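Enquirer: Have a look at the structure that comes next, please.
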Amino acid sequence: MRKLFYLILATSFVFVAHSCGSDGPSGPGSDDFDRQAMLENWADNIIIPAFASFSEETEQLKSAAESFSADPSQQTLEEFRAAWESTYLSFQHVSMFEMGRAMELRFRDNLNLYPTSTEEIHDNIEQESYNLELPSLTDSQGFPALDYLLYGLGDNTAEILTYYTIDSNAEAYRIYVLDLATRIDELTQEVSTHWAEEYRDDFVENSGDGANASVDMMVNDYIFYYEKALRAGKVGIPAGVFSGNPLSNRVEAYYRQDLSKALLLEALDASQNFFNGTHISSEETGESLDSYLDFLNTIKNGADLSSLINEQFNVAREEIDTLNDNFAQQIESDNSQMLAAYDELQKNVVLLKVDMLQALNINVDYVDADGD
């Protein structure tokens, strides 16, 4: 009996010691948070509406491309450019959702792999034989390819129009830009329809807490997007964080020149809104990562982790607001400011990838190979 008493006492001590936590973020403890409600909010109020809105933009982009291809003029070019800019900004609200059909189609890479290969673009046009579904042509399509074809072919609008009117390959240029806009629209329609009509229920019902559950996969995809596509792709790589030398030609929307900052801010807003569960069409919020952390009473350094993450989003935004609208020009004139913006974005990588994942008891499911 005495041995049994000590065994029970020891077991109880271990349980209590484990439950008390440590100096790090508290949680997860006993987790009966309604994950399915969070998945429903993500699917019904954020992801599906975001893709629906984006698909309307891509339809307008295709229509503008058709008008320009049929009758290239300064007016139709400006309309095409305006549709491209609006659609590119809208894309920032769906880019992070690389699940389901989007993952199968490599949606983000096909629409926004930059820098674009100008040599490959010209080869495609000159040969008039290409298959944009081939992975080898990912870097000669999407928004970055249109960026070059709408802004980078010449020093001014008149020079650019000559490629579509009097150049020996003018018809091929017109066909190519239409093919690019059509592919953006077709891929988007497929992903949007799949989310709304097929994937939504599977996503919501898979509400467990394992590595293959929707919450774990979505959170990993979200952090991967923030860390790699937003922080590294839009700022770190062109600023030379990983190469040791600034690479101003690696900025997003390089040929448009004054859009790279707007794209980053749009992506940052989208990332923060998703964290807070903010609906696409309103300021209303639902269950998301912030409320999950609050439910777990996750504290770091005496403050709510959700508040720290939101504060860091805001600090990063304030730092980005000080940058030139043209990131290539910012890097060439004063790269230290770009590096400062990167540092503020990086602080949230730690809070999201380390502290939040620890609190939610989610493991990282992707390989981190950039040394950060």
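Letters A, B, ... mark the chains of the structure tokens in the order given; residue numbers begin at 1 per chain; ligand numbers begin at 1, in order shown.
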Mind checking which residues fall within 10 Å of segment 358-368 of chain A, counting only C-alpha atoms, ignoring those fewer than 6 positions away in the same chain, and posting them as a PDB file with N, CA, C and O atoms, in the first residue's frame?
Expert:
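Here's the written file selection_10.pdb:
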ATOM      1  N   GLY A  24       7.837  30.764 -20.707  1.00  0.00           N
ATOM      2  CA  GLY A  24       7.443  31.081 -22.076  1.00  0.00           C
ATOM      3  C   GLY A  24       5.952  31.305 -22.170  1.00  0.00           C
ATOM      4  O   GLY A  24       5.250  31.408 -21.173  1.00  0.00           O
ATOM      5  N   PRO A  25       5.444  31.395 -23.433  1.00  0.00           N
ATOM      6  CA  PRO A  25       4.003  31.581 -23.618  1.00  0.00           C
ATOM      7  C   PRO A  25       3.226  30.458 -22.970  1.00  0.00           C
ATOM      8  O   PRO A  25       3.585  29.299 -23.068  1.00  0.00           O
ATOM      9  N   SER A  26       2.130  30.808 -22.315  1.00  0.00           N
ATOM     10  CA  SER A  26       1.329  29.792 -21.643  1.00  0.00           C
ATOM     11  C   SER A  26       0.478  29.038 -22.636  1.00  0.00           C
ATOM     12  O   SER A  26       0.208  29.506 -23.728  1.00  0.00           O
ATOM     13  N   GLY A  27       0.007  27.825 -22.271  1.00  0.00           N
ATOM     14  CA  GLY A  27      -0.866  27.044 -23.133  1.00  0.00           C
ATOM     15  C   GLY A  27      -0.143  25.839 -23.691  1.00  0.00           C
ATOM     16  O   GLY A  27       1.040  25.690 -23.534  1.00  0.00           O
ATOM     17  N   PRO A  28      -0.849  24.959 -24.433  1.00  0.00           N
ATOM     18  CA  PRO A  28      -2.249  25.075 -24.725  1.00  0.00           C
ATOM     19  C   PRO A  28      -3.154  24.587 -23.607  1.00  0.00           C
ATOM     20  O   PRO A  28      -4.330  24.915 -23.586  1.00  0.00           O
ATOM     21  N   GLY A  29      -2.647  23.763 -22.660  1.00  0.00           N
ATOM     22  CA  GLY A  29      -3.506  23.281 -21.587  1.00  0.00           C
ATOM     23  C   GLY A  29      -4.632  22.437 -22.143  1.00  0.00           C
ATOM     24  O   GLY A  29      -4.489  21.732 -23.118  1.00  0.00           O
ATOM     25  N   ASP A  31      -7.606  22.043 -24.336  1.00  0.00           N
ATOM     26  CA  ASP A  31      -8.024  22.805 -25.493  1.00  0.00           C
ATOM     27  C   ASP A  31      -9.354  22.303 -26.022  1.00  0.00           C
ATOM     28  O   ASP A  31      -9.410  21.322 -26.759  1.00  0.00           O
ATOM     29  N   ASP A 209      -7.083  18.001 -34.642  1.00  0.00           N
ATOM     30  CA  ASP A 209      -5.864  18.727 -34.268  1.00  0.00           C
ATOM     31  C   ASP A 209      -4.600  17.999 -34.704  1.00  0.00           C
ATOM     32  O   ASP A 209      -3.529  18.214 -34.139  1.00  0.00           O
ATOM     33  N   GLY A 210      -4.678  17.153 -35.734  1.00  0.00           N
ATOM     34  CA  GLY A 210      -3.505  16.461 -36.224  1.00  0.00           C
ATOM     35  C   GLY A 210      -2.825  17.211 -37.351  1.00  0.00           C
ATOM     36  O   GLY A 210      -3.320  18.235 -37.833  1.00  0.00           O
ATOM     37  N   ALA A 211      -1.689  16.692 -37.788  1.00  0.00           N
ATOM     38  CA  ALA A 211      -0.895  17.346 -38.830  1.00  0.00           C
ATOM     39  C   ALA A 211      -1.651  17.471 -40.144  1.00  0.00           C
ATOM     40  O   ALA A 211      -1.408  18.397 -40.923  1.00  0.00           O
ATOM     41  N   ASN A 212      -2.574  16.538 -40.415  1.00  0.00           N
ATOM     42  CA  ASN A 212      -3.342  16.568 -41.657  1.00  0.00           C
ATOM     43  C   ASN A 212      -4.698  17.230 -41.500  1.00  0.00           C
ATOM     44  O   ASN A 212      -5.508  17.204 -42.425  1.00  0.00           O
ATOM     45  N   VAL A 215      -6.901  22.934 -39.682  1.00  0.00           N
ATOM     46  CA  VAL A 215      -6.310  24.031 -38.913  1.00  0.00           C
ATOM     47  C   VAL A 215      -4.790  23.980 -39.007  1.00  0.00           C
ATOM     48  O   VAL A 215      -4.136  24.993 -39.297  1.00  0.00           O
ATOM     49  N   ASP A 216      -4.212  22.813 -38.770  1.00  0.00           N
ATOM     50  CA  ASP A 216      -2.757  22.685 -38.818  1.00  0.00           C
ATOM     51  C   ASP A 216      -2.210  23.045 -40.195  1.00  0.00           C
ATOM     52  O   ASP A 216      -1.211  23.770 -40.318  1.00  0.00           O
ATOM     53  N   MET A 217      -2.874  22.554 -41.244  1.00  0.00           N
ATOM     54  CA  MET A 217      -2.390  22.832 -42.599  1.00  0.00           C
ATOM     55  C   MET A 217      -2.557  24.304 -42.963  1.00  0.00           C
ATOM     56  O   MET A 217      -1.652  24.911 -43.545  1.00  0.00           O
ATOM     57  N   VAL A 219      -2.751  26.930 -40.918  1.00  0.00           N
ATOM     58  CA  VAL A 219      -1.837  27.755 -40.139  1.00  0.00           C
ATOM     59  C   VAL A 219      -0.420  27.666 -40.695  1.00  0.00           C
ATOM     60  O   VAL A 219       0.283  28.675 -40.807  1.00  0.00           O
ATOM     61  N   ASN A 220      -0.004  26.465 -41.076  1.00  0.00           N
ATOM     62  CA  ASN A 220       1.317  26.320 -41.691  1.00  0.00           C
ATOM     63  C   ASN A 220       1.410  27.080 -43.008  1.00  0.00           C
ATOM     64  O   ASN A 220       2.402  27.762 -43.285  1.00  0.00           O
ATOM     65  N   ASP A 221       0.382  26.972 -43.849  1.00  0.00           N
ATOM     66  CA  ASP A 221       0.387  27.685 -45.124  1.00  0.00           C
ATOM     67  C   ASP A 221       0.407  29.195 -44.908  1.00  0.00           C
ATOM     68  O   ASP A 221       1.077  29.935 -45.634  1.00  0.00           O
ATOM     69  N   ILE A 223       1.629  30.873 -42.281  1.00  0.00           N
ATOM     70  CA  ILE A 223       2.946  31.318 -41.807  1.00  0.00           C
ATOM     71  C   ILE A 223       3.977  31.214 -42.917  1.00  0.00           C
ATOM     72  O   ILE A 223       4.841  32.092 -43.074  1.00  0.00           O
ATOM     73  N   PHE A 224       3.901  30.135 -43.717  1.00  0.00           N
ATOM     74  CA  PHE A 224       4.822  29.994 -44.852  1.00  0.00           C
ATOM     75  C   PHE A 224       4.677  31.185 -45.794  1.00  0.00           C
ATOM     76  O   PHE A 224       5.670  31.762 -46.252  1.00  0.00           O
ATOM     77  N   GLU A 227       6.117  34.334 -44.138  1.00  0.00           N
ATOM     78  CA  GLU A 227       7.576  34.288 -44.004  1.00  0.00           C
ATOM     79  C   GLU A 227       8.282  34.325 -45.351  1.00  0.00           C
ATOM     80  O   GLU A 227       9.264  35.059 -45.519  1.00  0.00           O
ATOM     81  N   LYS A 228       7.812  33.537 -46.306  1.00  0.00           N
ATOM     82  CA  LYS A 228       8.540  33.368 -47.562  1.00  0.00           C
ATOM     83  C   LYS A 228       8.068  34.315 -48.662  1.00  0.00           C
ATOM     84  O   LYS A 228       8.894  34.958 -49.316  1.00  0.00           O
ATOM     85  N   LEU A 289      -7.210  33.103 -35.395  1.00  0.00           N
ATOM     86  CA  LEU A 289      -6.029  32.823 -34.590  1.00  0.00           C
ATOM     87  C   LEU A 289      -5.943  33.733 -33.375  1.00  0.00           C
ATOM     88  O   LEU A 289      -5.460  33.310 -32.316  1.00  0.00           O
ATOM     89  N   TYR A 292      -8.330  32.354 -30.825  1.00  0.00           N
ATOM     90  CA  TYR A 292      -7.823  31.063 -30.358  1.00  0.00           C
ATOM     91  C   TYR A 292      -6.754  31.283 -29.287  1.00  0.00           C
ATOM     92  O   TYR A 292      -6.765  30.662 -28.222  1.00  0.00           O
ATOM     93  N   LEU A 293      -5.830  32.193 -29.551  1.00  0.00           N
ATOM     94  CA  LEU A 293      -4.778  32.489 -28.577  1.00  0.00           C
ATOM     95  C   LEU A 293      -5.369  33.089 -27.300  1.00  0.00           C
ATOM     96  O   LEU A 293      -4.915  32.766 -26.190  1.00  0.00           O
ATOM     97  N   LEU A 296      -6.887  30.445 -25.144  1.00  0.00           N
ATOM     98  CA  LEU A 296      -5.860  29.688 -24.428  1.00  0.00           C
ATOM     99  C   LEU A 296      -5.147  30.540 -23.383  1.00  0.00           C
ATOM    100  O   LEU A 296      -4.273  30.036 -22.663  1.00  0.00           O
ATOM    101  N   ASN A 297      -5.511  31.830 -23.305  1.00  0.00           N
ATOM    102  CA  ASN A 297      -4.863  32.752 -22.379  1.00  0.00           C
ATOM    103  C   ASN A 297      -3.356  32.733 -22.577  1.00  0.00           C
ATOM    104  O   ASN A 297      -2.573  32.630 -21.631  1.00  0.00           O
ATOM    105  N   THR A 298      -2.939  32.876 -23.825  1.00  0.00           N
ATOM    106  CA  THR A 298      -1.532  32.802 -24.179  1.00  0.00           C
ATOM    107  C   THR A 298      -0.835  34.126 -23.877  1.00  0.00           C
ATOM    108  O   THR A 298      -1.125  35.148 -24.491  1.00  0.00           O
ATOM    109  N   ILE A 299       0.089  34.077 -22.923  1.00  0.00           N
ATOM    110  CA  ILE A 299       0.787  35.275 -22.454  1.00  0.00           C
ATOM    111  C   ILE A 299       2.271  35.164 -22.772  1.00  0.00           C
ATOM    112  O   ILE A 299       2.879  34.107 -22.632  1.00  0.00           O
ATOM    113  N   LEU A 305      -0.407  37.334 -26.259  1.00  0.00           N
ATOM    114  CA  LEU A 305       0.342  37.105 -27.487  1.00  0.00           C
ATOM    115  C   LEU A 305      -0.402  37.671 -28.698  1.00  0.00           C
ATOM    116  O   LEU A 305       0.217  38.224 -29.611  1.00  0.00           O
ATOM    117  N   LEU A 351       7.062  35.589 -33.522  1.00  0.00           N
ATOM    118  CA  LEU A 351       5.832  35.495 -32.732  1.00  0.00           C
ATOM    119  C   LEU A 351       4.857  34.478 -33.313  1.00  0.00           C
ATOM    120  O   LEU A 351       4.199  33.735 -32.575  1.00  0.00           O
ATOM    121  N   LEU A 352       4.753  34.424 -34.628  1.00  0.00           N
ATOM    122  CA  LEU A 352       3.819  33.506 -35.275  1.00  0.00           C
ATOM    123  C   LEU A 352       4.359  32.085 -35.332  1.00  0.00           C
ATOM    124  O   LEU A 352       3.670  31.122 -34.976  1.00  0.00           O
TER     125      LEU A 352
END
Enquirer: Write out as a Markdown table the residues of segment 158-248 of chain A that have any atom within 8 Å of an atom of segment 39-42 of chain A, one row each with the nearest atom pair and its distance in Å to one decimal, counting only C-alpha atoms, sorted by chain and then rising number.
Expert:
| residue | atom | partner | partner_atom | distance |
| --- | --- | --- | --- | --- |
| A:Phe203 | CA | A:Leu39 | CA | 7.3 |
| A:Val204 | CA | A:Leu39 | CA | 5.2 |
| A:Ser207 | CA | A:Leu39 | CA | 7.4 |
| A:Ser214 | CA | A:Leu39 | CA | 7.7 |
| A:Val215 | CA | A:Leu39 | CA | 7.2 |
Enquirer: At a cut-off of 6 Å, using only C-alpha atoms, what residues contact segment 77-86 of chain A? Leave out same-chain residues fewer than 2 positions from it and give the result as an MDAnalysis selection string.
Expert: chainID A and resid 61 64:65 73:75 88:89
Enquirer: Just the number, please: distance in Å from atom CA of Tyr148 of chain A to atom CA of Thr87 of chain A, one decimal.
Expert: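 It comes out at 15.7 Å.
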Enquirer: Need the shell around Leu161 of chain A: protein/DNA/RNA residues with any atom at most 8 Å away, counting only C-alpha atoms. Skip same-chain ones fewer than 2 positions apart. Format as a list in words?
Expert: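 Using only C-alpha atoms, the neighbours found are Pro72, Ser73, Gln74, Thr157, Ala158, Glu159, Tyr163, Tyr164 and Thr165 of chain A.
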Enquirer: In Å, how far is it from atom CA of Gln272 of chain A to atom CA of Ser243 of chain A?
Expert: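 Pair atom CA of Gln272 of chain A / atom CA of Ser243 of chain A returns 28.2 Å.
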Enquirer: Can you pull out every residue within 12 Å of Ala232 of chain A, counting only C-alpha atoms, but drop anything in the same chain fewer than 3 positions away, and send it as a PDB file with C-alpha atoms, in the first residue's frame?
Expert:
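Writing done, so here's around_33.pdb:
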ATOM      1  CA  PHE A 224       4.822  29.994 -44.852  1.00  0.00           C
ATOM      2  CA  TYR A 225       3.196  32.705 -46.978  1.00  0.00           C
ATOM      3  CA  TYR A 226       3.993  35.441 -44.467  1.00  0.00           C
ATOM      4  CA  GLU A 227       7.576  34.288 -44.004  1.00  0.00           C
ATOM      5  CA  LYS A 228       8.540  33.368 -47.562  1.00  0.00           C
ATOM      6  CA  ALA A 229       6.261  35.181 -49.998  1.00  0.00           C
ATOM      7  CA  VAL A 235      11.353  42.759 -49.038  1.00  0.00           C
ATOM      8  CA  GLY A 236      14.167  40.466 -47.913  1.00  0.00           C
ATOM      9  CA  ILE A 237      15.380  39.109 -51.251  1.00  0.00           C
ATOM     10  CA  PRO A 238      15.459  42.423 -53.142  1.00  0.00           C
ATOM     11  CA  ALA A 239      17.026  44.134 -50.113  1.00  0.00           C
ATOM     12  CA  GLY A 240      19.858  41.558 -50.195  1.00  0.00           C
ATOM     13  CA  VAL A 241      19.166  39.963 -46.811  1.00  0.00           C
ATOM     14  CA  PHE A 242      19.948  36.470 -48.092  1.00  0.00           C
ATOM     15  CA  SER A 243      22.465  37.264 -50.846  1.00  0.00           C
ATOM     16  CA  ARG A 250      13.934  41.468 -57.829  1.00  0.00           C
ATOM     17  CA  VAL A 251      11.183  43.722 -56.493  1.00  0.00           C
ATOM     18  CA  GLU A 252       7.540  42.961 -57.206  1.00  0.00           C
ATOM     19  CA  LEU A 264       3.193  44.867 -49.868  1.00  0.00           C
ATOM     20  CA  MET A 338      14.309  48.448 -46.604  1.00  0.00           C
ATOM     21  CA  LEU A 339      16.380  46.419 -44.151  1.00  0.00           C
ATOM     22  CA  ALA A 341      11.250  47.215 -42.706  1.00  0.00           C
ATOM     23  CA  TYR A 342      12.444  43.639 -43.097  1.00  0.00           C
ATOM     24  CA  ASP A 343      13.508  43.556 -39.448  1.00  0.00           C
ATOM     25  CA  LEU A 345       8.399  41.969 -40.499  1.00  0.00           C
ATOM     26  CA  GLN A 346      10.828  39.382 -39.160  1.00  0.00           C
ATOM     27  CA  VAL A 349       7.862  35.554 -37.893  1.00  0.00           C
ATOM     28  CA  ASP A 370      16.983  30.279 -46.140  1.00  0.00           C
ATOM     29  CA  GLY A 371      19.025  30.399 -42.959  1.00  0.00           C
ATOM     30  CA  ASP A 372      16.717  32.670 -40.984  1.00  0.00           C
TER      31      ASP A 372
END
Enquirer: With only C-alpha atoms as the basis for distance, which of A:Leu323, A:Val191, A:Leu146, A:Ala170 is at the shortest distance from Gly100 of chain A?
Expert: A:Val191
Enquirer: Could you tell me, as a VMD selection string, which residues of segment 97-334 of chain A DSSP assigns to alpha helix (DSSP H) when given the backbone?
Expert: chain A and resid 101 to 105 107 to 112 118 to 127 142 to 147 157 to 165 170 to 194 200 to 205 214 to 224 237 to 239 260 to 276 289 to 295 305 to 321 327 to 334
Enquirer: Write down as a PyMOL selection string the residues belonging to segment 285-317 of chain A that are assigned strand (DSSP E) by DSSP computed on the backbone.
Expert: chain A and resi 299-300+303-304
Enquirer: Select, from A:Asn45, A:Asn245, A:Ser69, A:Asn124, the residue with the minimum atom-to-atom distance to Glu171 of chain A, counting only C-alpha atoms.
Expert: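 Ranking A:Asn45, A:Asn245, A:Ser69, A:Asn124 by distance to Glu171 of chain A, first place goes to A:Ser69.
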Enquirer: Ranking A:Ile46, A:Ile309, A:Asp179, A:Leu111 by minimum distance to Lys353 of chain A and counting only C-alpha atoms, which one comes first?
Expert: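 Nearest candidate to Lys353 of chain A out of A:Ile46, A:Ile309, A:Asp179, A:Leu111: A:Ile309.
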Enquirer: Using only C-alpha atoms, determine which residues lie at most 10 Å from Ser291 of chain A, disregarding the query and same-chain residues fewer than 6 positions distant; provide the list as a list in words.
Expert: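 Here the qualifying residues turn out to be Phe33, Met38, Phe275, Asn276, Gly277, Thr285, Asn297 and Ser306 of chain A.
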Enquirer: Let me see the file: selected residues, N, CA, C and O atoms, as a PDB file, in the first residue's frame.
Expert:
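Output file selection27.pdb is given in full below:
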ATOM      1  N   PHE A  33     -11.339  24.591 -27.643  1.00  0.00           N
ATOM      2  CA  PHE A  33     -11.696  25.683 -28.540  1.00  0.00           C
ATOM      3  C   PHE A  33     -12.456  25.125 -29.737  1.00  0.00           C
ATOM      4  O   PHE A  33     -12.150  24.049 -30.253  1.00  0.00           O
ATOM      5  N   MET A  38     -14.030  28.217 -36.263  1.00  0.00           N
ATOM      6  CA  MET A  38     -12.961  28.987 -36.877  1.00  0.00           C
ATOM      7  C   MET A  38     -12.829  28.635 -38.358  1.00  0.00           C
ATOM      8  O   MET A  38     -12.688  29.526 -39.215  1.00  0.00           O
ATOM      9  N   PHE A 275      -5.464  36.855 -39.571  1.00  0.00           N
ATOM     10  CA  PHE A 275      -5.116  36.559 -38.184  1.00  0.00           C
ATOM     11  C   PHE A 275      -6.266  36.919 -37.250  1.00  0.00           C
ATOM     12  O   PHE A 275      -6.572  36.178 -36.308  1.00  0.00           O
ATOM     13  N   ASN A 276      -6.937  38.034 -37.518  1.00  0.00           N
ATOM     14  CA  ASN A 276      -8.025  38.515 -36.666  1.00  0.00           C
ATOM     15  C   ASN A 276      -9.397  37.993 -37.082  1.00  0.00           C
ATOM     16  O   ASN A 276     -10.397  38.308 -36.427  1.00  0.00           O
ATOM     17  N   GLY A 277      -9.462  37.234 -38.174  1.00  0.00           N
ATOM     18  CA  GLY A 277     -10.744  36.696 -38.618  1.00  0.00           C
ATOM     19  C   GLY A 277     -11.678  37.735 -39.191  1.00  0.00           C
ATOM     20  O   GLY A 277     -12.902  37.574 -39.159  1.00  0.00           O
ATOM     21  N   THR A 285     -15.798  40.523 -37.403  1.00  0.00           N
ATOM     22  CA  THR A 285     -14.810  39.477 -37.206  1.00  0.00           C
ATOM     23  C   THR A 285     -15.458  38.211 -36.661  1.00  0.00           C
ATOM     24  O   THR A 285     -16.530  38.255 -36.060  1.00  0.00           O
ATOM     25  N   ASN A 297      -5.511  31.830 -23.305  1.00  0.00           N
ATOM     26  CA  ASN A 297      -4.863  32.752 -22.379  1.00  0.00           C
ATOM     27  C   ASN A 297      -3.356  32.733 -22.577  1.00  0.00           C
ATOM     28  O   ASN A 297      -2.573  32.630 -21.631  1.00  0.00           O
ATOM     29  N   SER A 306      -1.725  37.560 -28.712  1.00  0.00           N
ATOM     30  CA  SER A 306      -2.494  38.098 -29.838  1.00  0.00           C
ATOM     31  C   SER A 306      -2.277  39.608 -29.974  1.00  0.00           C
ATOM     32  O   SER A 306      -2.170  40.132 -31.089  1.00  0.00           O
TER      33      SER A 306
END
Enquirer: How many Å lie between atom CA of Met103 of chain A and atom CA of Asp201 of chain A, rounded to one decimal?
Expert: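 A separation of 17.2 Å between them.
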